[in-house]
Amino acid sequence: MGRIDLYYMPFSPPCRAVIMTAKLLEVDINLKFTDLFKGEQKTPEFLKMNSLHTIPVIDDDGFFLYESRAILRYLANKYGKDDSLYPKDPQKRALVDQALDFDMNTFYQPFFDYWIYCMIGPAPHDEERFQKVSKSFPIIDDMLKKSEFVTGKNISLADISLLAGVSSVNAVGFDIAKYPNIVRWFANCKQAVPDYQELNENGVQDFKNLWDRLKEKQKTKVKTNS
């Protein structure tokens, strides 16, 4: 098996989910830093891999794939030594897929919308968008009330994808401390992912630094225009 190229930036939660999954699967990946702020995702070479010009993207010996949750499934299906991350049992797999869809549509997409609004919109905060993100936390907490991880006693692709997002939003003002099941799950995930600090937490800090920098810039912009 050759190395898989991963086009990424460390601040991106979806990219970090792919990196953590590869680590758990013992898949060797070649990290190819792609600077979105310099437009490197818009080059002809990149667009041949992903016409949406988004990250993450993988190149597995000429097979290109984007959308992080599709990448997680692909890696687990092709390279998993067992099915612990993505069970073969139809019902167990359906629960992982359900949680991955929840992550994308109910949790991460509202946060992404809030993030874009705060970074380039007319104000550095929007309470309605903020509350849409916050509504996910009681649901996640309820998911975890009977198990160590989202779908059972073992960490799965759903946990990894949620972990990348939850750790990021927690760092920028969405406090998870009042949700005991999420706090417990967060600690379990940190223990389950090898080299967690390097693979995720460093990127979370990059995310926070970017968030703080762009929000300050946005505040200055609003003051100037007022």
# chains A, B, ... in the order shown; residues from 1 in each chain; ligands from 1
$ residues_around --residues "Ile19 in chain A" --least-positions-apart "3" --cutoff "9 Å" --atoms "only C-alpha atoms" --output "ChimeraX atom specification"
/A:6,14-16,22-24,29,31,199-200
$ write_last_selection --atoms "C-alpha atoms" --output "CSV table (one decimal), in the first residue's frame"
chain,number,residue,atom,x,y,z
A,6,LEU,CA,-4.3,14.3,1.9
A,14,PRO,CA,-13.2,17.8,8.6
A,15,CYS,CA,-9.5,17.5,7.7
A,16,ARG,CA,-8.6,16.6,11.3
A,22,ALA,CA,-6.1,7.4,9.3
A,23,LYS,CA,-4.2,7.1,12.5
A,24,LEU,CA,-6.7,4.8,14.1
A,29,ILE,CA,-0.9,9.5,4.7
A,31,LEU,CA,0.0,15.6,4.3
A,199,LEU,CA,-3.5,15.3,15.5
A,200,ASN,CA,-6.4,17.4,16.8
$ residues_around --residues "range 173-176 of chain A" --least-positions-apart "4" --cutoff "12 Å" --atoms "only C-alpha atoms" --output "PyMOL selection string"
chain A and resi 111+114-115+125+130-138+140-141+165-169+180-186+208+211-212
$ select_by_dssp --residues "chain A" --states "strand (DSSP E or B)" --output "number ranges by chain"
A: 4-8, 29-33, 57-60, 63-66, 149, 152
$ closest_residue --among "A:Arg3, A:Lys48, A:Arg69, A:His53" --to "Leu162 in chain A" --atoms "only C-alpha atoms"
A:Arg69
$ closest_atom_pairs --of "range 137-170 of chain A" --to "range 84-93 of chain A" --cutoff "8 Å" --atoms "only C-alpha atoms" --output "tab-separated table"
residue	atom	partner	partner_atom	distance
A:Thr151	CA	A:Lys92	CA	7.7
A:Asn154	CA	A:Ser84	CA	7.0
A:Ile155	CA	A:Leu85	CA	6.4
A:Ser156	CA	A:Leu85	CA	4.1
A:Leu157	CA	A:Leu85	CA	5.5
$ select_by_dssp --residues "range 85-211 of chain A" --states "helix (DSSP H, G or I)" --output "VMD selection string"
chain A and resid 90 to 120 127 to 134 136 to 143 157 to 171 180 to 192 196 to 211
$ residues_around --residues "Ala164 in chain A" --least-positions-apart "6" --cutoff "12 Å" --atoms "only C-alpha atoms" --output "MDAnalysis selection string"
chainID A and resid 10:21 68:69 103:104 107:108 157:158 170:171 186 189:190 193 196:197 199:205 207
$ atom_distance --atom1 "CA of Asp97 in chain A" --atom2 "CA of Leu65 in chain A"
18.1 Å
$ atom_distance --atom1 "CA of Lys32 in chain A" --atom2 "CA of Asp113 in chain A"
26.2 Å
$ closest_residue --among "A:Leu52, A:Val150, A:Asp5, A:Tyr79" --to "Glu67 in chain A" --atoms "only C-alpha atoms"
A:Leu52
$ residues_around --residues "Asp60 in chain A" --least-positions-apart "2" --cutoff "6 Å" --atoms "only C-alpha atoms" --output "count of residues only"
3
$ closest_residue --among "A:Asn77, A:Gln98, A:Thr34, A:Gln191" --to "Ile55 in chain A" --atoms "only C-alpha atoms"
A:Thr34
$ residues_around --residues "Ile116 in chain A" --least-positions-apart "3" --cutoff "12 Å" --atoms "only C-alpha atoms" --output "ChimeraX atom specification"
/A:109-113,119-126,129-130,211,214-215,218
$ atom_distance --atom1 "CA of Ser51 in chain A" --atom2 "CA of Tyr8 in chain A"
15.5 Å
